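Notes follow once the structure below has been shown.
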Amino acid sequence: MSKIRVMSENLANKIAAGEVVEKCASVVKELVENSIDAGATNIKVNLIDGGLTSINIIDNGSGMDKEDAVLSFSRHATSKIYKDDDLYFIETLGFRGEALASIASVAEVNLETCSKEIGTHVHIKGGNMDIVEPTSARPGTSITITNLFYNTPARLKYLKSEATELNNCVQFIEKLSLSRPDIAFTLTNNDRVVVKTSGSNNLLKTIHEIYGLNVSSNMLEIKASSDDFEITGFVGKPSILKKNRNHFNTIVNGRVVRNNDINRAINDAYNTYKHEGFYPIVVINIETDPTLVDVNIHPTKQDIKMSKIEELTEILYKTIKEALYNNLLIPNAIVDESLNKVDIPFIPLSVYDKDNKVTEVVQTSFDLGTTKSEEETVIKNETFKRLKLYPVGQVHGTYIIAENEDGMFILDQHAAHERVNYEMIKKKFAEETPSYTDMLVPLQIELTTSDYEAFMENKGVLEDLGFKIEEFGINTIVFKAHPTWLTKNFEGDNLRTIVDLVITNHKNFNKDRFLDSLAKMVSCKMSVKANEHLSLSEMEGLLNDLVKCDNPYNCCHGRPSIMKFTNYELEKMFKRVI
């Protein structure tokens with residue numbers, strides 16, 4: 001007797017449900033994406049107990065007639081693709097034809113839909129369709145899911161708490177709202193509105209509806225294009241970083257996706273503007289030819305592969321980096337959050353022209369419904385380089401107090417010096433013929449066999465910078481010279497740390513990322529520390545060096561290097577003005 005048998009359709013659907021339906025948010029995702037593909041402009045998601053008790057989706061889409069309503073629950077039944085070639089031109093969110101069949105096999109489903117004069121009601125439990133009857137002709141579709149996983153107890157026990165399941169649903173709807181600002185989304189839990197967007201088709205307004213005023217007022221618009229990609233969206237200023245990557249909202253051809261290469265490019269663009277372990281808020285739309293995107297690699301269709309990914313990541317990196325650089329500004333120490341308008345923090349600075357006359361740069365603001373200021377003014381770093389600051393003292397051996405005609409400035413001396421050293425070292429890296437210093441006493445470092453092999457694989461990068469390195473016995477290297485920019489009296493510690501850095505980064509070694517990490521590490525070690533007292537002349541020298549930097553506003557790890565109290569803020573604090 002044959003051992004191999006064809007599974008029943010109901011059993012196959014239950015197995016497929018394990019891939020498609022993992023949690024309540026998986027059900028919400030599949031059903032809401034169906035609503036979007038049906039052309040809905042208003043979608044309501046009503047949950048009971050975070051979706052554990054009930055999930056109800058109501059839309060105003062095209063709906064279905066009786067025949068399609070019944071057929072939609074058959075496995076691999078879809079209106080999205082019809083032939084093999086359609087897989088190369090997928091422009092809908094759904095296309096597999098598995099979701100409804102899989103959900104219906106592990107839950108109880110009530111569907112009411114209408115595309116013409118008469119609506120259709122379908123009831124399914126455990127994959128068995130027991131009711132198909134006419135109903136009222138409400139345009140669109142309403143589908144309710146209850147008793148999820150009632151017949152698969154092994155999966156039921158892995159559902160999380162109400163709070164966790166609700167949070168997963170909220171995160172999905174938030175991301176979907178950002179991908180489709182033209183659709184009005186509402187999510188309720190136990191009749192309480194949790195998420196609501198207006199469908200205004202204004203992305204900045206949608207960001208405000210999802211994240212609130214503090215975030216929407218600190219977003220920078222980006223635009224870029226090439227022959228293959230068009231990129232639009234908003235990226236957050238470094239002042240609103242988060243402690244996880246959940247706020248990387250990447251949309252490719254209208255689909256919320258995950259892609260490690262894209263995430264890495266975004267994070268690298270913020271490299272010198274943030275601490276390690278903090279991540280930006282971004283909403284980035286990428287439009288490209290569907291043939292360059294493969295969404296058919298995972299049942300959730302969120303993990304994708306892309307052709308020409310190197311070109312895309314390079315454009316993303318440069319575009320975000322430029323947006324951040326062009327908006328580098330000294331943050332005000334006091335922020336008035338009671339204002340009705342969103343103030344772009346363009347700080348008024350008194351700068352001196354060639355005739356030593358003061359020129360005022362005016363602060364501007366914009367309303368939430370717009371994306372540009374009425375009189376858009378960008379303070380370039382060239383302006384800051386003409387800023388004249390005079391040191392007047394030091395606090396706790398850590399903060400330098402400086403002034404000019406506009407107000408008082410507080411500098412973190414370590415962050416400021418670290419920025420100066422970082423940019424100096426990066427410029428040294430670019431020199432065609434690096435200058436070096438022979439060591440009076442060569443430094444010998446003994447390694448394990450594995451570390452020795454890892455170091456030798458990439459030691460050429462250091463040699464190009466001016467390090468002279470020789471092999472010295474078994475698994476041992478000796479440094480005989482180092483670049484002139486390496487701080488005196490700290491060569492030993494720095495060289496050992498540099499060797500560790502090469503070894504740590506030997507897997508998937510990337511020269512640019514390594515050099516940036518090297519510059520950060522060395523600049524930090526070379527910089528004046530906190531609790532280190534400076535003379536006025538040393539403070540003045542640091543200020544003069546800082547204003548010459550391309551980015552004088554924060555250290556290479558993203559911490560602010562300078563803060564400002566305007567004259568008005570000082571007078572207001574002491575009630576000289578009301």
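Residues in the structure tokens are numbered from 1 in each chain, the chains being A, B, ... in the order shown, and ligands are numbered from 1 in the order shown.
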
If you count only C-alpha atoms, which residues fall within 8 Å of Val28 in chain A, apart from same-chain ones fewer than 6 positions away, as JSON, numbers by chain? {"A": [45, 55, 57, 169]}

Take the residues that were just selected and, keeping C-alpha atoms, output them as a compact mmCIF listing (two decimals), in the first residue's frame.
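The resulting file, result.txt, is reproduced below:
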# COMPACT_ATOMS: atom_id res chain seq x y z
CA VAL A 45 -10.21 47.93 12.33
CA ILE A 55 -11.22 41.17 14.80
CA ILE A 57 -12.46 44.98 9.38
CA CYS A 169 -1.73 45.44 15.58

Got a sec: who's within 9 Å of range 474-481 of chain A, counting only C-alpha atoms, leaving out chain neighbours fewer than 6 positions off, as a PyMOL selection string? chain A and resi 436-453+466-468+495

Could you please take those selected residues and save N, CA and C atoms as a CSV table (one decimal), in the first residue's frame?
chain,number,residue,atom,x,y,z
A,436,TYR,N,54.3,60.1,8.5
A,436,TYR,CA,54.4,59.2,9.7
A,436,TYR,C,55.6,59.5,10.5
A,437,THR,N,55.6,58.9,11.7
A,437,THR,CA,56.7,59.1,12.6
A,437,THR,C,57.3,57.8,13.0
A,438,ASP,N,58.6,57.6,12.9
A,438,ASP,CA,59.2,56.4,13.4
A,438,ASP,C,59.2,56.3,14.9
A,439,MET,N,58.9,55.1,15.4
A,439,MET,CA,58.8,54.9,16.9
A,439,MET,C,60.2,54.6,17.4
A,440,LEU,N,60.6,55.4,18.5
A,440,LEU,CA,61.9,55.1,19.1
A,440,LEU,C,61.9,53.7,19.7
A,441,VAL,N,60.8,53.3,20.2
A,441,VAL,CA,60.7,51.9,20.8
A,441,VAL,C,59.6,51.2,20.1
A,442,PRO,N,59.9,50.3,19.1
A,442,PRO,CA,58.8,49.6,18.4
A,442,PRO,C,57.9,48.9,19.3
A,443,LEU,N,56.6,48.8,19.0
A,443,LEU,CA,55.6,48.1,19.8
A,443,LEU,C,55.4,46.7,19.3
A,444,GLN,N,55.6,45.7,20.2
A,444,GLN,CA,55.4,44.3,19.8
A,444,GLN,C,54.1,43.8,20.4
A,445,ILE,N,53.3,43.2,19.5
A,445,ILE,CA,52.0,42.7,20.0
A,445,ILE,C,51.8,41.2,19.6
A,446,GLU,N,51.6,40.3,20.6
A,446,GLU,CA,51.4,38.9,20.3
A,446,GLU,C,50.0,38.6,20.3
A,447,LEU,N,49.5,37.8,19.3
A,447,LEU,CA,48.1,37.4,19.1
A,447,LEU,C,47.9,35.9,19.1
A,448,THR,N,46.7,35.5,19.2
A,448,THR,CA,46.3,34.1,19.0
A,448,THR,C,46.4,33.8,17.5
A,449,THR,N,46.4,32.6,17.1
A,449,THR,CA,46.5,32.2,15.7
A,449,THR,C,45.4,32.8,14.9
A,450,SER,N,44.1,32.7,15.4
A,450,SER,CA,43.0,33.2,14.7
A,450,SER,C,43.0,34.7,14.6
A,451,ASP,N,43.4,35.4,15.7
A,451,ASP,CA,43.4,36.8,15.6
A,451,ASP,C,44.5,37.3,14.7
A,452,TYR,N,45.6,36.6,14.7
A,452,TYR,CA,46.7,36.9,13.8
A,452,TYR,C,46.3,36.8,12.3
A,453,GLU,N,45.6,35.8,12.0
A,453,GLU,CA,45.2,35.6,10.6
A,453,GLU,C,44.2,36.7,10.2
A,466,GLY,N,49.8,55.0,6.9
A,466,GLY,CA,51.1,55.5,7.4
A,466,GLY,C,51.7,54.6,8.5
A,467,PHE,N,51.0,53.5,8.9
A,467,PHE,CA,51.5,52.6,9.9
A,467,PHE,C,52.5,51.7,9.2
A,468,LYS,N,53.6,51.4,9.9
A,468,LYS,CA,54.6,50.5,9.4
A,468,LYS,C,54.5,49.2,10.3
A,495,LEU,N,47.4,51.9,19.6
A,495,LEU,CA,47.8,50.8,18.6
A,495,LEU,C,47.2,49.5,19.0

Any idea what's packed within 9 Å of range 136-147 of chain A, counting only C-alpha atoms, ignoring anything in its chain fewer than 5 positions away? Could you give it as number ranges by chain? A: 27, 31, 35, 38, 40, 51-64, 103-104, 106-121

Non-local contacts of Ile286 in chain A (12 Å; only C-alpha atoms; under 2 positions in same chain excluded) as a ChimeraX atom specification: /A:179,222-226,228-234,249-257,262,283-284,288-290,292-293,306,309,312-313,315-316

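Our summary of the geometry notes that CA of Gly397 in chain A is positioned 18.4 Å from CA of Arg419 in chain A.
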
Identify, with DSSP run on backbone atoms, the residues in range 194-266 of chain A assigned to helix (DSSP H, G or I), and express the list as a PyMOL selection string. chain A and resi 203-211+213-216+238-240+245-247+260-266

Could you take the residues named above and write them with N, CA, C and O atoms, as a short mmCIF file (atom, residue, chain, number, x, y, z; two decimals), in the first residue's frame?
data_model
loop_
_atom_site.label_atom_id
_atom_site.label_comp_id
_atom_site.auth_asym_id
_atom_site.auth_seq_id
_atom_site.Cartn_x
_atom_site.Cartn_y
_atom_site.Cartn_z
N LEU A 203 1.66 63.46 3.74
CA LEU A 203 2.47 62.56 4.55
C LEU A 203 2.90 63.20 5.86
O LEU A 203 2.88 62.55 6.91
N LEU A 204 3.28 64.47 5.85
CA LEU A 204 3.71 65.12 7.08
C LEU A 204 2.56 65.19 8.09
O LEU A 204 2.76 65.00 9.29
N LYS A 205 1.36 65.43 7.60
CA LYS A 205 0.20 65.45 8.49
C LYS A 205 -0.05 64.06 9.08
O LYS A 205 -0.39 63.93 10.26
N THR A 206 0.12 63.03 8.25
CA THR A 206 -0.04 61.66 8.76
C THR A 206 1.01 61.34 9.81
O THR A 206 0.72 60.69 10.82
N ILE A 207 2.24 61.80 9.59
CA ILE A 207 3.29 61.62 10.59
C ILE A 207 2.88 62.29 11.90
O ILE A 207 3.07 61.73 12.99
N HIS A 208 2.29 63.48 11.79
CA HIS A 208 1.81 64.18 12.98
C HIS A 208 0.71 63.39 13.68
O HIS A 208 0.68 63.29 14.91
N GLU A 209 -0.19 62.78 12.89
CA GLU A 209 -1.30 62.01 13.47
C GLU A 209 -0.80 60.73 14.15
O GLU A 209 -1.41 60.26 15.11
N ILE A 210 0.30 60.19 13.67
CA ILE A 210 0.84 58.96 14.25
C ILE A 210 1.78 59.26 15.40
O ILE A 210 1.68 58.67 16.49
N TYR A 211 2.72 60.18 15.20
CA TYR A 211 3.80 60.40 16.17
C TYR A 211 3.60 61.63 17.07
O TYR A 211 4.25 61.74 18.10
N LEU A 213 3.23 66.06 17.70
CA LEU A 213 3.82 67.33 17.30
C LEU A 213 5.35 67.33 17.41
O LEU A 213 6.04 67.84 16.54
N ASN A 214 5.88 66.76 18.49
CA ASN A 214 7.32 66.82 18.70
C ASN A 214 8.08 66.17 17.55
O ASN A 214 9.14 66.65 17.12
N VAL A 215 7.55 65.07 17.03
CA VAL A 215 8.21 64.37 15.92
C VAL A 215 7.95 65.08 14.60
O VAL A 215 8.87 65.35 13.82
N SER A 216 6.70 65.40 14.32
CA SER A 216 6.37 66.00 13.01
C SER A 216 7.07 67.33 12.80
O SER A 216 7.38 67.72 11.67
N PRO A 238 18.33 64.35 14.53
CA PRO A 238 18.95 63.56 15.60
C PRO A 238 18.40 63.84 16.99
O PRO A 238 18.66 63.08 17.91
N SER A 239 17.64 64.89 17.14
CA SER A 239 17.08 65.23 18.46
C SER A 239 15.91 64.32 18.85
O SER A 239 15.45 64.37 20.00
N ILE A 240 15.41 63.49 17.93
CA ILE A 240 14.25 62.64 18.24
C ILE A 240 14.57 61.17 17.98
O ILE A 240 13.75 60.43 17.45
N ARG A 245 14.79 49.96 16.28
CA ARG A 245 14.63 50.20 14.84
C ARG A 245 13.17 50.15 14.39
O ARG A 245 12.90 50.14 13.19
N ASN A 246 12.23 50.10 15.32
CA ASN A 246 10.82 49.95 14.95
C ASN A 246 10.29 51.12 14.14
O ASN A 246 9.24 51.02 13.52
N HIS A 247 11.02 52.23 14.15
CA HIS A 247 10.53 53.43 13.47
C HIS A 247 11.23 53.65 12.13
O HIS A 247 11.18 54.74 11.58
N ASN A 260 17.57 44.45 5.15
CA ASN A 260 18.74 44.77 5.96
C ASN A 260 19.66 45.77 5.29
O ASN A 260 20.26 46.62 5.95
N ASP A 261 19.82 45.67 3.97
CA ASP A 261 20.71 46.60 3.26
C ASP A 261 20.18 48.04 3.33
O ASP A 261 20.95 48.98 3.54
N ILE A 262 18.87 48.19 3.16
CA ILE A 262 18.27 49.52 3.25
C ILE A 262 18.39 50.06 4.68
O ILE A 262 18.76 51.23 4.88
N ASN A 263 18.10 49.22 5.67
CA ASN A 263 18.22 49.67 7.06
C ASN A 263 19.64 50.08 7.40
O ASN A 263 19.87 51.06 8.12
N ARG A 264 20.62 49.34 6.89
CA ARG A 264 22.02 49.66 7.17
C ARG A 264 22.39 51.00 6.55
O ARG A 264 23.11 51.80 7.17
N ALA A 265 21.92 51.27 5.33
CA ALA A 265 22.23 52.54 4.68
C ALA A 265 21.64 53.71 5.46
O ALA A 265 22.28 54.76 5.63
N ILE A 266 20.42 53.55 5.96
CA ILE A 266 19.78 54.61 6.76
C ILE A 266 20.57 54.85 8.04
O ILE A 266 20.88 55.99 8.40
#

Would you list the contacts of Asp268 in chain A as a list in words, taking every protein, DNA or RNA residue within 9 Å and counting only C-alpha atoms, but skipping same-chain residues closer than 6 positions in sequence? Tyr317, Lys321 and Arg513 of chain A

Pick out the residues sitting within 10 Å of Val522 in chain A, and hand them over as a CSV table (one decimal) with C-alpha atoms, in the first residue's frame; count only C-alpha atoms, and ignore anything fewer than 5 positions along from it in its own chain.
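Result file follows (selection-v5.csv):
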chain,number,residue,atom,x,y,z
A,418,GLU,CA,36.3,65.1,19.7
A,421,ASN,CA,40.0,65.7,16.1
A,422,TYR,CA,37.5,63.5,14.2
A,425,ILE,CA,41.8,62.6,11.2
A,485,TRP,CA,48.2,62.5,13.9
A,486,LEU,CA,48.4,59.8,16.5
A,487,THR,CA,48.7,61.4,20.0
A,494,ASN,CA,45.9,53.4,20.7
A,495,LEU,CA,47.8,50.8,18.6
A,497,THR,CA,43.0,49.2,20.4
A,498,ILE,CA,43.4,49.7,16.6
A,517,SER,CA,35.2,53.6,13.5
A,527,SER,CA,40.4,64.6,23.2

Could you check the closest approach to Asp130 in chain A for each of A:Asn285, A:Cys24, A:Lys520, A:Val70 and tell me which residue wins, using only C-alpha atoms? A:Val70

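Counting from CA of Leu187 in chain A, the distance to CA of Lys242 in chain A is 23.8 Å.
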
Apply DSSP to the structure's backbone, then extract all residues of range 119-298 of chain A labelled strand (DSSP E or B) and return them as a PyMOL selection string. chain A and resi 119-125+128-135+140-146+184-189+192-196+219-225+229-236+242+248-252+255-256+258+279+282-288+293-294

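Nearest residue to Gly50 in chain A, choosing from A:Ile36, A:Met573, A:Ala163, A:Leu324 and counting only C-alpha atoms: A:Ala163.
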
Which residues, written as a PyMOL selection string, have at least one atom at most 9 Å from Asn531 in chain A, with only C-alpha atoms counted and residues fewer than 6 positions away on the same chain left out? chain A and resi 396-399

Writing out the chosen residues with C-alpha atoms as a PDB file, in the first residue's frame:
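Writing the result to selection.pdb gives the following:
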ATOM      1  CA  HIS A 396      33.080  71.806  36.671  1.00  0.00           C
ATOM      2  CA  GLY A 397      36.138  71.501  34.474  1.00  0.00           C
ATOM      3  CA  THR A 398      33.807  70.131  31.784  1.00  0.00           C
ATOM      4  CA  TYR A 399      31.737  72.903  30.176  1.00  0.00           C
TER       5      TYR A 399
END

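Among A:Glu532, A:Asp49, A:Glu432, A:Asp500, the residue with the shortest atom-to-atom distance to Arg192 in chain A, counting only C-alpha atoms, is A:Asp49.
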
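For the pair CA of Glu491 in chain A and CA of Met456 in chain A, the separation is 20.1 Å.
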